[in-house]
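Report on one structure; see the data block that follows.
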There are 2 protein chains.
Amino acid sequence: MAVVIDIDDPADPRVADFRDLNNADRRPDLPGGKGLVIAEGVVVVQRMLTSRFTPSALLGVGKRYEQLTDDLAGVDLPYYRASAEVMAEIVGFHLNRGVLAAARRPAELSAAQVLTGARTVAVLEGVNDHENIGSIFRNAAGLGADAVLFGDRCSDPLYRRAVRVSMGHVLRIPFATLPPFPEGLNLLRDNGFQIIALTPNPKADTLATAMTGERVALLLGAEGPGLTEETMSASDIRARIPMTPGTDSLNVATAAAMAFYERVRAQ
Amino acid sequence: MAVVIDIDDPADPRVADFRDLNNADRRPDLPGGKGLVIAEGVVVVQRMLTSRFTPSALLGVGKRYEQLTDDLAGVDLPYYRASAEVMAEIVGFHLNRGVLAAARRPAELSAAQVLTGARTVAVLEGVNDHENIGSIFRNAAGLGADAVLFGDRCSDPLYRRAVRVSMGHVLRIPFATLPPFPEGLNLLRDNGFQIIALTPNPKADTLATAMTGERVALLLGAEGPGLTEETMSASDIRARIPMTPGTDSLNVATAAAMAFYERVRAQ
């Protein structure tokens, strides 16, 4: 059971993991980055508690502790209880979700681990927007996609903003980094995945026609530049979402959602 | 052809429409609201210039004028040219898109006008997040939905943030306000629309099965509360997107995208 410890002094060393939160969740290799994974709000904290990201402590107001009592019954960690004002001084800004949990980063999963048993995976290239990455995990969770694989030039999925936008699903949907392409794609192919490159190109087959594999890997590039030509060429098939000519490409998380939806639409 | 007028003094009365931009785009019935429609950035300004929202003036840096030369060739309005610093003083914050256009609100379209010729429309109830509204218009434009109808308790689609997130498509996809439900829904029914209420309820038919009309109206509620029970009851059929149990409902703009996608997926 969590032990409640009241914190009145924002300088208390016991809450060091929550200090200066706008930098603390940076990757450990970046300036000021401690590489911590931060969960914000009751729902995301609940998801962290049942994930492989084991928090070392929580910081929150009393009311949130009450909401989390059942979730915290079986865990042995400190709940640092503070007023909203003291919390704001610790983290560096006013936080309206009222509770945080902080976990050290566990070892990354391997691509082989993540692919075991997976039927539908998203493979990202150059997706460097934390909000889009968070949304992709949220959509994957909602629509039954099994994993997310990272290719070149993607942002850190464990950044606080990505965790928050994913509603905590980044802590639950497994992810891994692929070897550089085309080797990374060959790994997928060797595991029997049909490799589908999403493109706005109107000459490509529709997603509905192109997606025929029992296991599918959906390659998604950043909004705007899309996938590199090398990656397109290394895919098994190019597929498009039918779009109105003259409009912008869809947001990458929305495109991912449609591809995931195409897999489950008849279920 | 647009006339270039250099502005050196942020207090110049000619740029009054762009002053204090964080309030100026509020609805005219709200404090400080002038009800202006503001387009930001080259792409959105281009879309405004070909829309029914006729700008009265533009304000931008010299470089953006050059990018817009062709678009401005046939129009008769002032381009107030200013440095980035002077622009920031006028609008009240630093604006990184470098160009703005301001239009007065034209009269609202009627629901009957908007429905003429439409095959796929989104009908929103209680969607009060400007970003979600903007995304719905962007997705409608990309995926060929024809119009957006507003029911009760929705936010203003012409708010600056909504215009920006829509990539300017809120200026192009027609929209109108429906009479209060169920009268508003009867108007759709009288026009031959199949009225489909989206729900996370696992007992409902899938969207793929439920959507059978030649003309369809897709009822969407806010993330979280969803549609009211009264509105659900007044629909023709309830339909679900197949979702993983225990996850959160999808973002409303993502749900809309999937419904629009279902209409065009085989095209």
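Identifiers in the structure tokens: chain A, B, ... in order shown; residue index from 1 per chain; ligand index from 1 in order shown.
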* **Long-range neighbours of Thr177 of chain B as a PyMOL selection string, 8 Å cut-off, only C-alpha atoms, 4 positions minimum in chain** => chain B and resi 110-111+149-151
Give me every alpha helix (DSSP H) residue in segment 39-217 of chain A, going by DSSP on the backbone, as a compact mmCIF listing (two decimals) with N, CA, C and O atoms, in the first residue's frame.
# COMPACT_ATOMS: atom_id res chain seq x y z
N VAL A 42 -5.31 11.21 -13.23
CA VAL A 42 -5.73 9.94 -12.65
C VAL A 42 -5.70 8.80 -13.67
O VAL A 42 -5.12 7.74 -13.41
N VAL A 43 -6.27 9.01 -14.84
CA VAL A 43 -6.37 7.92 -15.81
C VAL A 43 -4.99 7.45 -16.27
O VAL A 43 -4.71 6.25 -16.34
N VAL A 44 -4.13 8.40 -16.56
CA VAL A 44 -2.80 8.02 -17.05
C VAL A 44 -1.97 7.38 -15.94
O VAL A 44 -1.25 6.40 -16.17
N VAL A 45 -2.11 7.88 -14.73
CA VAL A 45 -1.43 7.26 -13.59
C VAL A 45 -1.93 5.82 -13.41
O VAL A 45 -1.14 4.89 -13.20
N GLN A 46 -3.23 5.63 -13.52
CA GLN A 46 -3.77 4.26 -13.42
C GLN A 46 -3.14 3.35 -14.48
O GLN A 46 -2.78 2.21 -14.22
N ARG A 47 -3.03 3.89 -15.69
CA ARG A 47 -2.44 3.06 -16.77
C ARG A 47 -0.97 2.77 -16.48
O ARG A 47 -0.48 1.67 -16.77
N MET A 48 -0.26 3.75 -15.94
CA MET A 48 1.15 3.50 -15.62
C MET A 48 1.27 2.39 -14.57
O MET A 48 2.14 1.52 -14.67
N LEU A 49 0.37 2.41 -13.57
CA LEU A 49 0.46 1.44 -12.48
C LEU A 49 0.29 0.00 -12.96
O LEU A 49 0.75 -0.93 -12.30
N GLY A 62 -4.47 15.89 -2.19
CA GLY A 62 -5.16 14.89 -1.39
C GLY A 62 -6.36 14.26 -2.10
O GLY A 62 -6.59 13.06 -2.01
N LYS A 63 -7.09 15.08 -2.83
CA LYS A 63 -8.29 14.58 -3.50
C LYS A 63 -7.96 13.49 -4.52
O LYS A 63 -8.69 12.52 -4.67
N ARG A 64 -6.85 13.65 -5.20
CA ARG A 64 -6.46 12.64 -6.19
C ARG A 64 -6.03 11.34 -5.51
O ARG A 64 -6.24 10.26 -6.05
N TYR A 65 -5.44 11.46 -4.33
CA TYR A 65 -5.09 10.24 -3.60
C TYR A 65 -6.35 9.43 -3.32
O TYR A 65 -6.37 8.20 -3.50
N GLU A 66 -7.39 10.13 -2.91
CA GLU A 66 -8.65 9.43 -2.62
C GLU A 66 -9.17 8.71 -3.87
O GLU A 66 -9.62 7.58 -3.81
N GLN A 67 -9.05 9.39 -5.02
CA GLN A 67 -9.54 8.75 -6.26
C GLN A 67 -8.70 7.53 -6.65
O GLN A 67 -9.16 6.66 -7.37
N LEU A 68 -7.46 7.51 -6.19
CA LEU A 68 -6.55 6.42 -6.59
C LEU A 68 -6.40 5.34 -5.51
O LEU A 68 -5.61 4.41 -5.68
N THR A 69 -7.15 5.46 -4.43
CA THR A 69 -6.95 4.54 -3.29
C THR A 69 -6.94 3.07 -3.72
O THR A 69 -6.02 2.32 -3.37
N ASP A 70 -7.92 2.67 -4.50
CA ASP A 70 -7.98 1.25 -4.90
C ASP A 70 -6.76 0.86 -5.74
O ASP A 70 -6.22 -0.24 -5.59
N ASP A 71 -6.37 1.75 -6.64
CA ASP A 71 -5.24 1.45 -7.52
C ASP A 71 -3.94 1.34 -6.74
O ASP A 71 -3.02 0.63 -7.14
N LEU A 72 -3.86 2.07 -5.63
CA LEU A 72 -2.61 2.12 -4.88
C LEU A 72 -2.57 1.08 -3.74
O LEU A 72 -1.55 0.95 -3.07
N ALA A 84 -2.01 22.31 -4.12
CA ALA A 84 -1.83 22.69 -5.53
C ALA A 84 -0.73 23.74 -5.67
O ALA A 84 0.04 23.73 -6.64
N GLU A 85 -0.64 24.64 -4.67
CA GLU A 85 0.36 25.71 -4.73
C GLU A 85 1.77 25.14 -4.60
O GLU A 85 2.68 25.51 -5.35
N VAL A 86 1.96 24.26 -3.62
CA VAL A 86 3.28 23.65 -3.44
C VAL A 86 3.65 22.82 -4.66
O VAL A 86 4.78 22.87 -5.16
N MET A 87 2.68 22.08 -5.21
CA MET A 87 2.93 21.30 -6.44
C MET A 87 3.42 22.20 -7.56
O MET A 87 4.36 21.87 -8.28
N ALA A 88 2.74 23.35 -7.71
CA ALA A 88 3.11 24.26 -8.80
C ALA A 88 4.54 24.76 -8.61
O ALA A 88 5.29 24.88 -9.58
N GLU A 89 4.93 25.01 -7.37
CA GLU A 89 6.31 25.46 -7.13
C GLU A 89 7.31 24.36 -7.44
O GLU A 89 8.40 24.61 -7.93
N ILE A 90 6.95 23.14 -7.14
CA ILE A 90 7.87 22.02 -7.40
C ILE A 90 8.04 21.80 -8.90
O ILE A 90 9.16 21.75 -9.41
N VAL A 91 6.92 21.68 -9.62
CA VAL A 91 7.03 21.30 -11.03
C VAL A 91 7.36 22.50 -11.93
O VAL A 91 7.84 22.33 -13.05
N ALA A 111 12.69 -5.17 -31.22
CA ALA A 111 11.68 -5.29 -32.27
C ALA A 111 11.12 -6.71 -32.30
O ALA A 111 9.91 -6.90 -32.47
N ALA A 112 11.97 -7.70 -32.09
CA ALA A 112 11.51 -9.10 -32.12
C ALA A 112 10.46 -9.34 -31.02
O ALA A 112 9.42 -9.97 -31.28
N GLN A 113 10.70 -8.79 -29.84
CA GLN A 113 9.72 -8.93 -28.74
C GLN A 113 8.38 -8.32 -29.11
O GLN A 113 7.32 -8.88 -28.87
N VAL A 114 8.47 -7.14 -29.69
CA VAL A 114 7.27 -6.36 -29.99
C VAL A 114 6.45 -7.01 -31.11
O VAL A 114 5.23 -6.94 -31.14
N LEU A 115 7.16 -7.68 -32.03
CA LEU A 115 6.46 -8.27 -33.18
C LEU A 115 5.81 -9.60 -32.86
O LEU A 115 4.89 -10.03 -33.57
N HIS A 130 5.51 15.32 -31.07
CA HIS A 130 5.12 14.51 -29.91
C HIS A 130 3.62 14.29 -29.84
O HIS A 130 3.14 13.24 -29.41
N GLU A 131 2.88 15.30 -30.24
CA GLU A 131 1.43 15.18 -30.18
C GLU A 131 0.93 14.12 -31.18
O GLU A 131 0.08 13.30 -30.85
N ASN A 132 1.49 14.14 -32.37
CA ASN A 132 1.10 13.13 -33.35
C ASN A 132 1.47 11.73 -32.88
O ASN A 132 0.70 10.78 -33.04
N ILE A 133 2.65 11.60 -32.27
CA ILE A 133 3.05 10.28 -31.77
C ILE A 133 2.09 9.82 -30.68
O ILE A 133 1.62 8.68 -30.68
N GLY A 134 1.76 10.71 -29.77
CA GLY A 134 0.80 10.37 -28.72
C GLY A 134 -0.53 9.94 -29.32
O GLY A 134 -1.11 8.92 -28.92
N SER A 135 -1.02 10.69 -30.30
CA SER A 135 -2.31 10.35 -30.93
C SER A 135 -2.26 9.00 -31.64
O SER A 135 -3.24 8.27 -31.65
N ILE A 136 -1.13 8.68 -32.24
CA ILE A 136 -1.01 7.38 -32.91
C ILE A 136 -1.17 6.24 -31.90
O ILE A 136 -1.88 5.27 -32.15
N PHE A 137 -0.55 6.38 -30.74
CA PHE A 137 -0.71 5.35 -29.70
C PHE A 137 -2.15 5.29 -29.19
O PHE A 137 -2.69 4.21 -28.96
N ARG A 138 -2.76 6.43 -29.03
CA ARG A 138 -4.16 6.43 -28.58
C ARG A 138 -5.04 5.72 -29.60
O ARG A 138 -5.88 4.89 -29.25
N ASN A 139 -4.82 6.03 -30.88
CA ASN A 139 -5.63 5.41 -31.93
C ASN A 139 -5.32 3.92 -32.05
O ASN A 139 -6.22 3.11 -32.28
N ALA A 140 -4.06 3.55 -31.88
CA ALA A 140 -3.69 2.14 -31.91
C ALA A 140 -4.42 1.38 -30.80
O ALA A 140 -4.99 0.30 -31.04
N ALA A 141 -4.44 1.96 -29.61
CA ALA A 141 -5.11 1.31 -28.49
C ALA A 141 -6.61 1.17 -28.76
O ALA A 141 -7.19 0.11 -28.58
N GLY A 142 -7.22 2.24 -29.25
CA GLY A 142 -8.66 2.23 -29.48
C GLY A 142 -9.08 1.27 -30.58
O GLY A 142 -10.15 0.67 -30.52
N ARG A 160 6.84 13.76 -22.07
CA ARG A 160 5.62 13.95 -21.29
C ARG A 160 4.38 14.27 -22.14
O ARG A 160 3.29 13.75 -21.92
N ARG A 161 4.57 15.15 -23.13
CA ARG A 161 3.45 15.53 -23.97
C ARG A 161 2.89 14.34 -24.76
O ARG A 161 1.68 14.20 -24.94
N ALA A 162 3.79 13.49 -25.23
CA ALA A 162 3.34 12.30 -25.97
C ALA A 162 2.57 11.36 -25.05
O ALA A 162 1.53 10.82 -25.43
N VAL A 163 3.08 11.18 -23.83
CA VAL A 163 2.40 10.31 -22.87
C VAL A 163 0.99 10.84 -22.59
O VAL A 163 0.02 10.09 -22.60
N ARG A 164 0.91 12.16 -22.40
CA ARG A 164 -0.39 12.76 -22.07
C ARG A 164 -1.37 12.64 -23.23
O ARG A 164 -2.51 12.20 -23.04
N VAL A 165 -0.94 13.00 -24.43
CA VAL A 165 -1.85 12.96 -25.59
C VAL A 165 -2.28 11.52 -25.89
O VAL A 165 -3.40 11.28 -26.32
N GLU A 183 17.10 -2.50 -43.81
CA GLU A 183 17.25 -3.67 -42.93
C GLU A 183 16.05 -3.83 -42.00
O GLU A 183 15.54 -4.93 -41.81
N GLY A 184 15.60 -2.70 -41.43
CA GLY A 184 14.46 -2.75 -40.52
C GLY A 184 13.21 -3.31 -41.19
O GLY A 184 12.43 -4.05 -40.58
N LEU A 185 13.04 -2.97 -42.46
CA LEU A 185 11.87 -3.47 -43.18
C LEU A 185 12.02 -4.95 -43.50
O LEU A 185 11.04 -5.70 -43.49
N ASN A 186 13.25 -5.38 -43.76
CA ASN A 186 13.48 -6.80 -44.01
C ASN A 186 13.12 -7.65 -42.79
O ASN A 186 12.59 -8.75 -42.92
N LEU A 187 13.38 -7.08 -41.63
CA LEU A 187 13.02 -7.78 -40.39
C LEU A 187 11.51 -8.02 -40.34
O LEU A 187 11.04 -9.10 -39.97
N LEU A 188 10.75 -7.01 -40.75
CA LEU A 188 9.30 -7.17 -40.79
C LEU A 188 8.90 -8.22 -41.83
O LEU A 188 8.06 -9.08 -41.58
N ARG A 189 9.53 -8.14 -42.98
CA ARG A 189 9.21 -9.09 -44.06
C ARG A 189 9.53 -10.51 -43.63
O ARG A 189 8.74 -11.44 -43.86
N ASP A 190 10.67 -10.69 -42.99
CA ASP A 190 11.07 -12.02 -42.52
C ASP A 190 10.08 -12.58 -41.50
O ASP A 190 9.96 -13.79 -41.33
N LEU A 207 -6.22 1.69 -49.87
CA LEU A 207 -5.90 0.89 -48.68
C LEU A 207 -6.82 -0.34 -48.63
O LEU A 207 -6.37 -1.45 -48.32
N ALA A 208 -8.08 -0.14 -48.97
CA ALA A 208 -9.06 -1.23 -48.90
C ALA A 208 -8.68 -2.38 -49.82
O ALA A 208 -8.94 -3.54 -49.51
N THR A 209 -8.07 -2.09 -50.96
CA THR A 209 -7.67 -3.12 -51.91
C THR A 209 -6.28 -3.66 -51.59
O THR A 209 -6.02 -4.86 -51.73
N ALA A 210 -5.40 -2.76 -51.20
CA ALA A 210 -3.99 -3.15 -51.07
C ALA A 210 -3.72 -4.01 -49.84
O ALA A 210 -2.81 -4.84 -49.83
* **Between atom CA of Ala197 of chain A and atom CA of Arg153 of chain A, distance in Å (one decimal)** =>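 Rounded to one decimal, the two atoms are 16.9 Å apart.
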* **Counting only C-alpha atoms, the option among A:Gly117, A:Gly60, A:Gly41, A:Gly213 closest to Arg97 of chain A** => A:Gly41
* Rounded to one decimal place, report the atom CA of Asn201 of chain A-atom CA of Ile173 of chain B distance in Å. =>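 We find that atom CA of Asn201 of chain A and atom CA of Ile173 of chain B lie 23.1 Å from each other.
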